[in-house]
Each structure stands twice: as C-alpha cells, then as structure tokens.
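See below for work-v8.cif, which holds mmCIF, C-alpha atoms and all ligand atoms.
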data_start
#
loop_
_atom_site.label_atom_id
_atom_site.label_comp_id
_atom_site.auth_asym_id
_atom_site.auth_seq_id
_atom_site.Cartn_x
_atom_site.Cartn_y
_atom_site.Cartn_z
CA MET A 2 29.61 34.56 -95.84
CA TRP A 3 29.62 34.31 -92.04
CA ARG A 4 27.12 33.18 -89.45
CA ILE A 5 25.24 34.42 -86.44
CA GLY A 6 24.48 31.04 -84.90
CA ASP A 7 22.75 29.16 -87.72
CA ILE A 8 21.89 32.33 -89.66
CA ALA A 9 23.93 33.00 -92.79
CA VAL A 10 25.06 36.59 -93.26
CA ASP A 11 26.09 37.46 -96.80
CA GLY A 12 28.14 40.65 -96.77
CA ARG A 13 30.08 42.80 -94.33
CA VAL A 14 27.74 45.64 -93.56
CA ALA A 15 25.57 45.61 -90.45
CA LEU A 16 23.02 48.42 -90.20
CA GLY A 17 23.49 49.72 -86.67
CA PRO A 18 20.59 50.11 -84.28
CA MET A 19 19.75 53.80 -83.88
CA SER A 20 16.94 54.98 -81.71
CA GLY A 21 14.78 57.39 -83.68
CA PHE A 22 16.23 56.36 -87.05
CA THR A 23 16.29 52.63 -87.76
CA PHE A 24 12.52 52.28 -87.95
CA PRO A 25 11.08 49.91 -90.59
CA SER A 26 10.96 52.26 -93.60
CA TYR A 27 14.53 53.43 -92.94
CA ARG A 28 15.78 49.84 -92.66
CA ASP A 29 13.91 48.79 -95.81
CA PHE A 30 15.31 51.77 -97.71
CA MET A 31 18.88 50.94 -96.66
CA LYS A 32 18.70 47.19 -97.30
CA PRO A 33 19.15 47.16 -101.12
CA PHE A 34 22.27 49.31 -100.85
CA GLY A 35 24.01 46.21 -99.50
CA VAL A 36 23.03 45.78 -95.85
CA ALA A 37 23.80 42.19 -94.82
CA VAL A 38 22.17 42.24 -91.40
CA SER A 39 19.91 44.78 -89.65
CA PHE A 40 19.02 45.66 -86.08
CA THR A 41 15.87 47.30 -84.77
CA GLU A 42 15.97 50.42 -82.65
CA MET A 43 16.59 49.54 -79.02
CA THR A 44 13.38 48.32 -77.49
CA SER A 45 12.47 48.24 -73.80
CA CYS A 46 11.98 44.73 -72.48
CA MET A 47 9.44 46.13 -70.00
CA GLY A 48 7.59 47.76 -72.90
CA VAL A 49 7.39 44.38 -74.64
CA ILE A 50 6.21 42.62 -71.48
CA HIS A 51 3.55 45.25 -70.79
CA ASP A 52 2.37 45.36 -74.38
CA SER A 53 3.07 48.97 -75.15
CA GLU A 54 1.77 49.65 -78.66
CA ARG A 55 4.74 51.85 -79.51
CA THR A 56 7.10 49.10 -78.50
CA ALA A 57 5.30 46.47 -80.56
CA SER A 58 5.68 48.61 -83.67
CA MET A 59 9.43 48.18 -83.32
CA TYR A 60 9.37 44.45 -83.82
CA LEU A 61 6.45 43.80 -86.13
CA ASP A 62 7.10 45.15 -89.55
CA PHE A 63 10.08 43.29 -91.05
CA LYS A 64 8.62 42.42 -94.46
CA GLY A 65 11.41 40.62 -96.29
CA ASN A 66 14.16 42.54 -94.56
CA ARG A 67 16.19 39.79 -92.97
CA PRO A 68 18.23 38.66 -91.22
CA ILE A 69 17.21 41.04 -88.48
CA GLY A 70 17.91 41.24 -84.78
CA LEU A 71 15.47 42.67 -82.27
CA GLN A 72 17.50 44.81 -79.93
CA LEU A 73 16.27 44.78 -76.36
CA PHE A 74 17.41 46.70 -73.32
CA GLY A 75 16.78 45.69 -69.77
CA GLY A 76 18.71 44.78 -66.65
CA ASP A 77 17.21 41.56 -65.45
CA PRO A 78 17.89 38.17 -67.10
CA GLU A 79 14.39 36.79 -66.56
CA SER A 80 12.62 39.93 -67.82
CA LEU A 81 14.79 40.00 -70.91
CA ALA A 82 14.09 36.31 -71.50
CA GLU A 83 10.35 36.83 -71.05
CA ALA A 84 10.30 39.82 -73.38
CA SER A 85 12.31 37.94 -76.01
CA ALA A 86 9.98 34.96 -75.93
CA LYS A 87 6.91 37.19 -76.14
CA ALA A 88 8.27 39.23 -79.04
CA LEU A 89 9.23 36.05 -80.89
CA LYS A 90 5.76 34.64 -80.43
CA THR A 91 4.24 37.82 -81.86
CA ASN A 92 6.72 37.95 -84.72
CA PRO A 93 8.40 34.66 -85.61
CA GLY A 94 10.36 36.62 -88.24
CA ILE A 95 12.82 37.80 -85.56
CA ASP A 96 16.06 36.03 -86.46
CA PHE A 97 18.00 36.80 -83.31
CA ILE A 98 17.90 38.86 -80.12
CA ASP A 99 20.54 41.54 -79.60
CA VAL A 100 21.00 42.70 -76.02
CA ASN A 101 22.02 46.31 -75.55
CA MET A 102 24.98 46.50 -73.16
CA GLY A 103 26.37 49.81 -74.39
CA CYS A 104 23.74 52.56 -74.23
CA PRO A 105 25.02 55.58 -72.24
CA VAL A 106 21.67 57.41 -71.91
CA PRO A 107 20.92 58.21 -68.21
CA LYS A 108 17.32 57.02 -68.41
CA VAL A 109 18.52 53.58 -69.52
CA LEU A 110 21.37 53.50 -66.99
CA ARG A 111 18.97 54.16 -64.11
CA SER A 112 17.25 50.85 -64.76
CA ARG A 113 20.66 49.10 -64.63
CA SER A 114 20.36 48.48 -68.36
CA GLY A 115 22.50 49.40 -71.35
CA SER A 116 26.10 50.15 -70.49
CA ALA A 117 25.35 49.86 -66.73
CA LEU A 118 25.50 46.11 -67.33
CA MET A 119 29.21 46.39 -68.08
CA GLU A 120 29.80 46.91 -64.35
CA ASP A 121 28.66 43.33 -63.80
CA PRO A 122 30.12 41.04 -66.49
CA ALA A 123 28.76 37.90 -64.76
CA ARG A 124 25.24 39.33 -65.08
CA CYS A 125 25.88 39.94 -68.78
CA GLY A 126 26.54 36.22 -69.12
CA GLU A 127 23.40 35.32 -67.14
CA ILE A 128 21.32 37.47 -69.48
CA VAL A 129 22.62 35.71 -72.59
CA LYS A 130 22.05 32.31 -71.00
CA ALA A 131 18.47 33.16 -69.95
CA VAL A 132 17.47 34.62 -73.33
CA LYS A 133 18.96 31.68 -75.24
CA ARG A 134 17.29 29.14 -73.01
CA ARG A 135 13.86 30.73 -73.42
CA THR A 136 13.94 31.49 -77.15
CA GLY A 137 16.20 28.90 -78.74
CA ILE A 138 17.30 31.50 -81.32
CA PRO A 139 20.74 33.12 -81.61
CA VAL A 140 21.60 35.86 -79.13
CA THR A 141 24.06 38.67 -79.71
CA VAL A 142 25.37 41.48 -77.54
CA LYS A 143 26.37 45.06 -78.31
CA THR A 144 28.79 46.66 -75.92
CA ARG A 145 31.51 49.29 -75.51
CA LEU A 146 35.14 49.31 -74.40
CA GLY A 147 34.34 50.08 -70.78
CA LYS A 148 32.99 52.84 -68.60
CA SER A 149 35.98 55.12 -69.17
CA MET A 150 39.57 54.84 -70.35
CA GLU A 151 40.47 54.05 -66.73
CA SER A 152 38.12 51.07 -66.62
CA ILE A 153 38.39 49.23 -69.92
CA ASN A 154 36.76 45.83 -69.37
CA PHE A 155 35.24 44.71 -72.67
CA ARG A 156 37.35 41.54 -72.68
CA ASP A 157 35.80 40.50 -69.39
CA VAL A 158 32.29 41.23 -70.69
CA LEU A 159 32.99 39.35 -73.93
CA ASP A 160 34.44 36.34 -72.06
CA ASN A 161 31.28 36.10 -69.98
CA VAL A 162 28.76 36.48 -72.79
CA ILE A 163 30.64 34.18 -75.14
CA SER A 164 30.96 31.46 -72.46
CA ALA A 165 27.22 31.86 -71.92
CA GLY A 166 26.57 31.18 -75.61
CA ALA A 167 26.50 34.57 -77.39
CA ASP A 168 26.50 33.94 -81.14
CA ALA A 169 28.11 37.24 -82.18
CA VAL A 170 29.22 40.45 -80.51
CA THR A 171 29.28 44.07 -81.60
CA LEU A 172 31.91 46.33 -80.09
CA HIS A 173 31.47 50.10 -80.28
CA ALA A 174 35.10 51.07 -79.79
CA ARG A 175 34.42 53.99 -77.45
CA THR A 176 33.92 54.19 -73.72
CA VAL A 177 30.59 55.05 -72.10
CA LYS A 178 32.07 58.37 -71.00
CA GLU A 179 33.00 59.24 -74.57
CA GLY A 180 29.41 58.90 -75.75
CA TYR A 181 29.44 59.34 -79.52
CA SER A 182 32.35 61.73 -79.94
CA GLY A 183 36.06 61.46 -80.46
CA THR A 184 38.07 58.93 -82.41
CA PRO A 185 37.21 55.31 -81.62
CA HIS A 186 40.02 53.24 -80.09
CA PHE A 187 40.21 50.38 -82.57
CA ASP A 188 43.80 49.81 -81.44
CA LEU A 189 42.48 48.49 -78.11
CA ALA A 190 40.66 45.79 -80.06
CA GLU A 191 43.56 44.98 -82.38
CA SER A 192 43.15 41.45 -83.83
CA LEU A 193 40.23 40.89 -81.46
CA GLN A 194 38.45 38.68 -84.00
CA SER A 195 41.26 36.13 -83.83
CA GLU A 196 40.92 35.94 -80.04
CA ILE A 197 37.20 35.13 -79.93
CA PRO A 198 35.29 32.14 -81.33
CA VAL A 199 32.23 34.09 -82.57
CA PRO A 200 31.87 36.83 -85.21
CA LEU A 201 32.79 40.36 -84.22
CA ILE A 202 30.99 43.38 -85.66
CA ILE A 203 33.00 46.54 -85.19
CA SER A 204 31.41 49.97 -84.72
CA GLY A 205 32.56 53.57 -84.35
CA ASN A 206 32.84 56.50 -86.78
CA ILE A 207 32.25 54.55 -89.97
CA PHE A 208 31.71 57.54 -92.26
CA SER A 209 33.74 56.50 -95.31
CA LEU A 210 34.99 53.40 -97.09
CA ASP A 211 38.45 54.05 -95.67
CA ASP A 212 37.04 54.14 -92.14
CA ALA A 213 35.46 50.72 -92.69
CA VAL A 214 38.56 49.19 -94.27
CA SER A 215 40.77 50.48 -91.49
CA ALA A 216 38.45 49.28 -88.68
CA VAL A 217 38.23 45.81 -90.25
CA ARG A 218 41.95 45.67 -90.93
CA THR A 219 42.82 46.54 -87.34
CA THR A 220 40.33 44.27 -85.58
CA GLY A 221 39.81 41.50 -88.15
CA ALA A 222 36.03 41.90 -87.65
CA LYS A 223 33.65 39.89 -89.83
CA GLY A 224 31.15 42.72 -89.88
CA VAL A 225 31.35 46.51 -89.88
CA MET A 226 28.50 48.59 -88.52
CA VAL A 227 27.21 51.59 -90.44
CA ALA A 228 25.30 53.90 -88.11
CA ARG A 229 25.39 57.73 -88.32
CA GLY A 230 27.54 57.60 -91.45
CA GLY A 231 24.71 55.99 -93.39
CA ILE A 232 22.11 58.65 -92.57
CA GLY A 233 21.96 60.70 -95.74
CA ASN A 234 24.70 58.61 -97.32
CA PRO A 235 23.17 55.23 -98.14
CA TYR A 236 25.70 54.69 -100.92
CA LEU A 237 28.37 54.29 -98.24
CA VAL A 238 26.89 50.83 -97.65
CA THR A 239 27.32 49.98 -101.35
CA GLN A 240 30.86 51.32 -101.36
CA ILE A 241 31.82 49.17 -98.37
CA ASP A 242 29.96 46.08 -99.60
CA THR A 243 31.52 46.31 -103.08
CA TRP A 244 35.00 46.82 -101.72
CA PHE A 245 34.86 43.71 -99.57
CA ARG A 246 33.26 41.60 -102.32
CA GLU A 247 35.22 42.76 -105.34
CA GLY A 248 38.06 45.00 -104.17
CA ARG A 249 36.56 47.84 -106.22
CA ARG A 250 36.38 51.45 -105.04
CA LEU A 251 33.17 53.07 -106.26
CA PRO A 252 33.11 56.84 -106.91
CA ASP A 253 30.95 59.09 -104.75
CA PRO A 254 27.40 59.71 -105.96
CA THR A 255 26.25 62.95 -107.55
CA VAL A 256 24.00 65.47 -105.81
CA SER A 257 21.30 64.30 -108.20
CA ASP A 258 21.64 60.68 -106.95
CA GLN A 259 21.43 61.96 -103.40
CA ILE A 260 18.24 63.89 -104.09
CA ARG A 261 16.66 60.89 -105.81
CA TRP A 262 17.42 58.68 -102.80
CA CYS A 263 16.18 61.35 -100.43
CA ARG A 264 12.85 61.49 -102.29
CA GLU A 265 12.61 57.69 -102.18
CA LEU A 266 13.25 57.55 -98.42
CA SER A 267 10.90 60.47 -97.82
CA ASP A 268 8.00 58.71 -99.51
CA ALA A 269 8.68 55.53 -97.54
CA VAL A 270 8.87 57.40 -94.20
CA ILE A 271 5.67 59.33 -94.98
CA GLU A 272 3.93 56.10 -95.92
CA GLU A 273 4.97 54.51 -92.63
CA LYS A 274 4.42 57.43 -90.28
CA GLY A 275 1.90 59.64 -92.03
CA GLU A 276 2.67 63.06 -93.54
CA GLU A 277 2.81 65.18 -90.39
CA ILE A 278 5.07 62.96 -88.29
CA GLY A 279 6.96 61.72 -91.34
CA VAL A 280 7.90 65.21 -92.56
CA ARG A 281 8.90 66.27 -89.05
CA LYS A 282 11.19 63.22 -88.84
CA LEU A 283 12.58 63.97 -92.29
CA ARG A 284 13.68 67.41 -91.15
CA SER A 285 16.45 65.64 -89.25
CA ILE A 286 17.31 63.25 -92.10
CA ALA A 287 16.85 65.08 -95.43
CA PRO A 288 19.52 67.77 -94.75
CA LYS A 289 22.13 65.03 -94.42
CA PHE A 290 21.61 64.07 -98.06
CA VAL A 291 22.73 67.50 -99.20
CA SER A 292 26.45 68.04 -99.47
CA GLY A 293 29.22 68.86 -101.87
CA CYS A 294 27.58 71.95 -103.32
CA ARG A 295 28.26 75.63 -102.94
CA MET A 296 24.97 76.51 -101.29
CA CYS A 297 24.77 73.37 -99.18
CA ASN A 298 24.71 74.97 -95.77
CA ALA A 299 21.84 77.21 -96.72
CA TYR A 300 19.84 74.35 -98.26
CA ARG A 301 20.44 72.11 -95.27
CA ARG A 302 19.15 74.82 -92.98
CA ILE A 303 16.03 75.23 -95.12
CA LEU A 304 15.38 71.48 -95.17
CA ALA A 305 15.82 71.27 -91.39
CA THR A 306 13.37 74.06 -90.60
CA GLU A 307 10.87 74.75 -93.38
CA PRO A 308 9.05 71.70 -94.74
CA GLU A 309 5.58 71.15 -93.28
CA THR A 310 4.26 68.88 -96.02
CA ARG A 311 5.59 66.42 -98.59
CA GLU A 312 5.01 69.08 -101.23
CA ASP A 313 7.20 71.62 -99.38
CA LEU A 314 9.93 69.04 -98.96
CA PHE A 315 9.92 67.92 -102.58
CA ARG A 316 9.83 71.51 -103.86
CA ILE A 317 13.05 72.27 -101.98
CA LEU A 318 14.66 69.04 -103.21
CA ASP A 319 13.69 69.95 -106.81
CA VAL A 320 15.41 73.32 -106.51
CA ILE A 321 18.59 71.74 -105.16
CA GLU A 322 18.66 69.18 -107.94
CA GLU A 323 18.01 71.75 -110.62
CA ARG A 324 20.85 73.97 -109.43
CA MET A 325 23.51 71.40 -108.43
CA GLY A 326 22.42 67.99 -109.70
CA SER A 327 25.55 67.03 -111.63
CA GLN A 328 28.04 67.94 -108.89
CA LYS A 329 29.69 65.22 -106.85
CA ALA A 330 28.31 64.81 -103.36
CA ARG A 331 30.98 64.74 -100.68
CA VAL A 332 28.77 63.29 -98.02
CA ALA A 333 31.35 61.33 -96.06
CA CYS A 334 33.57 64.37 -95.45
CA GLU A 335 30.74 66.67 -94.46
CA HIS A 336 29.09 64.31 -92.00
CA ARG A 337 32.09 63.73 -89.82
CA GLU A 338 31.75 65.65 -86.59
CA ASP A 339 35.06 65.12 -84.85
C1 LIG B 401 20.93 58.77 -82.56
C2 LIG B 401 21.59 57.47 -82.19
C3 LIG B 401 20.82 56.44 -81.69
C4 LIG B 401 21.43 55.23 -81.32
N1 LIG B 401 20.65 54.23 -80.84
C5 LIG B 401 21.22 53.04 -80.51
C6 LIG B 401 20.42 51.96 -80.07
O1 LIG B 401 19.18 52.04 -80.00
N2 LIG B 401 21.06 50.82 -79.72
C7 LIG B 401 22.43 50.67 -79.81
O2 LIG B 401 22.96 49.61 -79.48
N3 LIG B 401 23.20 51.68 -80.26
C8 LIG B 401 22.63 52.84 -80.63
N4 LIG B 401 23.42 53.84 -81.13
C9 LIG B 401 24.84 53.58 -81.37
C10 LIG B 401 25.11 53.16 -82.82
O3 LIG B 401 24.51 51.92 -83.13
C11 LIG B 401 26.64 53.06 -83.09
O4 LIG B 401 27.18 52.00 -82.35
C12 LIG B 401 27.35 54.36 -82.73
O5 LIG B 401 26.67 55.47 -83.25
C13 LIG B 401 28.78 54.36 -83.24
O6 LIG B 401 28.83 54.32 -84.62
P1 LIG B 401 29.06 55.67 -85.52
O7 LIG B 401 30.10 56.48 -84.80
O8 LIG B 401 29.55 55.10 -86.85
O9 LIG B 401 27.75 56.36 -85.60
C14 LIG B 401 22.83 55.05 -81.47
C15 LIG B 401 23.58 56.10 -81.98
C16 LIG B 401 22.99 57.29 -82.34
C17 LIG B 401 23.85 58.39 -82.90
#

Is it possible to express this structure as structure tokens?
Ligand SMILES: Cc1cc2nc3c(=O)[nH]c(=O)nc-3n(C[C@H](O)[C@H](O)[C@H](O)COP(=O)(O)O)c2cc1C
Amino acid sequence: MWRIGDIAVDGRVALGPMSGFTFPSYRDFMKPFGVAVSFTEMTSCMGVIHDSERTASMYLDFKGNRPIGLQLFGGDPESLAEASAKALKTNPGIDFIDVNMGCPVPKVLRSRSGSALMEDPARCGEIVKAVKRRTGIPVTVKTRLGKSMESINFRDVLDNVISAGADAVTLHARTVKEGYSGTPHFDLAESLQSEIPVPLIISGNIFSLDDAVSAVRTTGAKGVMVARGGIGNPYLVTQIDTWFREGRRLPDPTVSDQIRWCRELSDAVIEEKGEEIGVRKLRSIAPKFVSGCRMCNAYRRILATEPETREDLFRILDVIEERMGSQKARVACEHRED
C-alpha cells in the first residue's frame, strides 16, 4: 500500500494515460486485472474551460473505477488551475489531477504544454502550486528524462514540482526526442525513489513481467506503469500485480483466454461508443490480442482491416478460437517493437 497524497493505492500497477485508448470502457475493462490506479487520456485544459463536449466525456464516466487521476495538458498555471477546479466541480469523483509534462506531440508543444514545460522547471513548480491551491486535491506530474540525451534535466523538474507540493511523479524514462522507441534509460533513474520524498511511478517499455520487475528493481519505484504493453495483453497487469503481492509467476494465458477477453472488451467499447465508432476503434485493439499461433499474422491483418460490425468481429474471433484456442499466447514477445 502506498499513497498519492491522502489517497491509498493498493497494488503496483498504474494504468498509463494513452490518448485514443484509455477511454472509460478500456479503463473499466483493465481494472479487475489488477490496476491499482488509473489515469484518463490527456485532456486539454482549454477544452475543459471552454466546455467542449468531447473533453467533458474524458472526465465524467468513472463509475467505481478509482482511484483515478484526470490528466490535463496546458502551459499556463492559472488556466490549468481553472480547468482543474471546473472539472472537479463537474465530477467530484476525480481523485487527483495529473499534469502532462512529457507529451512530445508537436500540436501540444506549440501551446508550450506537455514536454515543452521541461524547458522551464520553475514554471512546472508554479503549475503544481496553482492547481493544488485551487482544488485542494492531490496533484501529480508525468514527465520524461529531458529533451534529448544532451539535455537531461528531470531532476531539476522533479525538484521544482516536489517543492511545490506534487504528491507523486511519473517518469517515462525516455527523452522527448526518443518519442516512444528505443530502450528506456532506467539506469539514469537508478535508486531515484530513495532520493525523492513522494512516490515514483516508472514508465517505459513495460511489456512483460520481467520488464516491470527490472524497472522497479533499478529505480525503487512504488508504481509501475502499464501502457502499450497492456493493449491486447490485460493479463500482464495480473502477472505484475501477483508477482509483487505474492512473489508468484503466473503462466501466460491461452489464445482462448485472449479471445474471451477481446470479446469482453469489444462489447464494452461498442456499448460506450456505439457499433460504428466502436468497431473502427477495435480494429486497432483486437489484433493485439492475437498472438502465439501459427496463422497469427494473417488473423491480425484480417482483424485490423475487415470488421464493419460486431457480428463480423465476433465471427473472426470465433474462427481463431476454434482453430488455436488451446495454444499459449505469447503476447508480451510479439508486442515489443524495439
Ligand atoms: C498511443 C499513445 C498515447 C499516449 N497518450 C498519452 C497521454 O495522453 N498522456 C501521457 O502522459 N502519456 C501518454 N502516452 C505515454 C504512455 O503513458 C507511456 O508513458 C509510454 O507509452 C511509455 O510506456 P510504454 O513504452 O510501456 O508504452 C501515450 C503513449 C501512446 C503509445
């Protein structure tokens, strides 16, 4: 058990914020696998202030899925504070505000938000102070190592946000320049947890239990963030959670388990988004559930391109299960891109 401010977090696994993926039905699907704390997709503070309907959908539907942090991006302390207060008033179920200080997307950088904030560590501190003052709830920050390997400055950013009252920090152990590829540099954050007075959540290429154990061992982090590795491999969360609770290594699921979970998620996504949008979204998620079988590549391609309706999608899943159900899925190995 650890804490984000006064919020108890029971378990190691944080479900990482992922734009386009960590919408409510995805978060709710992942939770029972052993997620201890969740984050929303990144949400524009200007969108919150100006009442965009799309933005509101990102921080309304939490059901019982808590603790949860609303992740906001923005560049100005007062705007972020205003957006946080407004969102909290609309949804008192928000447990904490997470400020995005790591996004490398050009559109976000242009508004001096996301990882652009790393160029001004003092401003990072001002943001945390302003959001805390206005909301009174815990505030966390998600950042990267630095702009590039030549300008590693996460310690400076962390010093500023922690002095300003940040209640936990997530470090994605890559630089902005590296984006999402290459091996994360956990060595640069060796024993970081022992140097800071608030919980550290560590992020970067967590695709297998061994990845999680190694990242936690190196950094001492209280939490480990499952992001891409959990898409199509929800059982990874259970494997990590069980290891840290009981020291037990659970075997990989079968293809049949994977197909069952894929059906479950598909129905939840379709219920949330409607059949047309839901199935389109599932074309980028369902293929990731299929691995470890001889014909996997072909089936993944079919799932990514063919389904138009729930019926199409489920028919393809039925065929995969019928032909390969009892085989072991080797999801972790097949997902890794580097
Ligand atoms: C498609 C996608 C969307 C993401 N969206 C966000 C986001 O909204 N906010 C954020 O802080 N990080 C975001 N991330 C970063 C992840 O939370 C995570 O830190 C990163 O992917 C590294 O972990 P991984 O290598 O295990 O996937 C995103 C990553 C991906 C791949």

Could you give me, as a PyMOL selection string, the residues within 10 Å of Phe315 (chain A), counting all atoms listed in the file and dropping anything in the same chain fewer than 5 positions from it? chain A and resi 260+263-264+267-268+304+308+310+320-321

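Distance annotation: of A:Arg295, A:Arg281, A:His186, A:Arg249, the residue with the minimal separation from ligand LIG 401 (chain B) is A:His186; atom set is all atoms listed in the file.
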
If we count all atoms listed in the file and set the cut-off at 9 Å, which residues sit around Asp157 (chain A), ignoring sequence neighbours fewer than 6 positions away in its own chain? Please answer as a list in words. Met119, Pro122 and Ala123 of chain A

Atoms to include: C-alpha atoms. Write the selected residues as a tab-separated table (two decimals), in the coordinates of the input.
chain	number	residue	atom	x	y	z
A	119	MET	CA	29.21	46.39	-68.08
A	122	PRO	CA	30.12	41.04	-66.49
A	123	ALA	CA	28.76	37.90	-64.76

Nearest to ligand LIG 401 (chain B) among A:Ser26, A:Thr44, A:Asn92, A:Asn206, with distances taken over all atoms listed in the file: which residue is it?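 Among A:Ser26, A:Thr44, A:Asn92, A:Asn206, it is A:Asn206 that comes nearest to ligand LIG 401 (chain B).
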
Compare A:Glu79, A:Glu277, A:Asp121, A:Glu247 by their minimum atom-to-atom distance to Arg134 (chain A), counting all atoms listed in the file, and give me the closest one.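 Closest to Arg134 (chain A), using all atoms listed in the file: A:Glu79.
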
Please provide as JSON, numbers by chain all residues within 10 Å of Asp29 (chain A), with the sequence filter that same-chain residues fewer than 2 positions apart are discarded (counting all atoms listed in the file). {"A": [23, 24, 25, 26, 27, 31, 32, 33, 34, 36, 39, 62, 63, 64, 65, 66, 67, 266, 269]}

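Counting all atoms listed in the file and comparing A:Ser215, A:Ser85, A:Ser209, A:Thr220, the residue that lies closest to Lys133 (chain A) is A:Ser85.
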
With N, CA and C atoms as the target, complete region 43-63 of chain A and hand it back as a compact mmCIF listing (two decimals), in the coordinates of the input.
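Output saved as rebuild17.txt:
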# COMPACT_ATOMS: atom_id res chain seq x y z
N MET A 43 16.64 50.23 -80.32
CA MET A 43 16.59 49.54 -79.02
C MET A 43 15.16 49.60 -78.47
N THR A 44 14.76 48.51 -77.88
CA THR A 44 13.38 48.32 -77.49
C THR A 44 13.35 47.89 -76.02
N SER A 45 12.50 48.53 -75.24
CA SER A 45 12.47 48.24 -73.80
C SER A 45 11.86 46.87 -73.53
N CYS A 46 12.55 46.05 -72.76
CA CYS A 46 11.98 44.73 -72.48
C CYS A 46 10.72 44.89 -71.64
N MET A 47 10.66 45.91 -70.79
CA MET A 47 9.44 46.13 -70.00
C MET A 47 8.29 46.57 -70.91
N GLY A 48 8.61 47.35 -71.93
CA GLY A 48 7.59 47.76 -72.90
C GLY A 48 7.01 46.55 -73.61
N VAL A 49 7.87 45.59 -73.96
CA VAL A 49 7.39 44.38 -74.64
C VAL A 49 6.49 43.59 -73.69
N ILE A 50 6.97 43.42 -72.45
CA ILE A 50 6.21 42.62 -71.48
C ILE A 50 4.84 43.25 -71.22
N HIS A 51 4.81 44.58 -71.11
CA HIS A 51 3.55 45.25 -70.79
C HIS A 51 2.77 45.70 -72.02
N ASP A 52 3.19 45.18 -73.17
CA ASP A 52 2.37 45.36 -74.38
C ASP A 52 2.20 46.79 -74.84
N SER A 53 3.21 47.61 -74.67
CA SER A 53 3.07 48.97 -75.15
C SER A 53 2.96 48.93 -76.69
N GLU A 54 2.01 49.69 -77.21
CA GLU A 54 1.77 49.65 -78.66
C GLU A 54 2.98 50.19 -79.43
N ARG A 55 3.57 51.25 -78.86
CA ARG A 55 4.74 51.85 -79.51
C ARG A 55 5.88 50.85 -79.60
N THR A 56 6.03 50.09 -78.52
CA THR A 56 7.10 49.10 -78.50
C THR A 56 6.84 48.02 -79.54
N ALA A 57 5.61 47.56 -79.62
CA ALA A 57 5.30 46.47 -80.56
C ALA A 57 5.63 46.88 -81.99
N SER A 58 5.42 48.18 -82.31
CA SER A 58 5.68 48.61 -83.67
C SER A 58 7.15 48.41 -84.04
N MET A 59 8.01 48.31 -83.03
CA MET A 59 9.43 48.18 -83.32
C MET A 59 9.80 46.76 -83.75
N TYR A 60 8.96 45.79 -83.44
CA TYR A 60 9.37 44.45 -83.82
C TYR A 60 8.32 43.71 -84.66
N LEU A 61 7.46 44.48 -85.32
CA LEU A 61 6.45 43.80 -86.13
C LEU A 61 6.76 43.81 -87.62
N ASP A 62 7.16 44.95 -88.12
CA ASP A 62 7.10 45.15 -89.55
C ASP A 62 8.44 44.87 -90.25
N PHE A 63 8.78 43.59 -90.43
CA PHE A 63 10.08 43.29 -91.05
C PHE A 63 9.99 43.05 -92.55
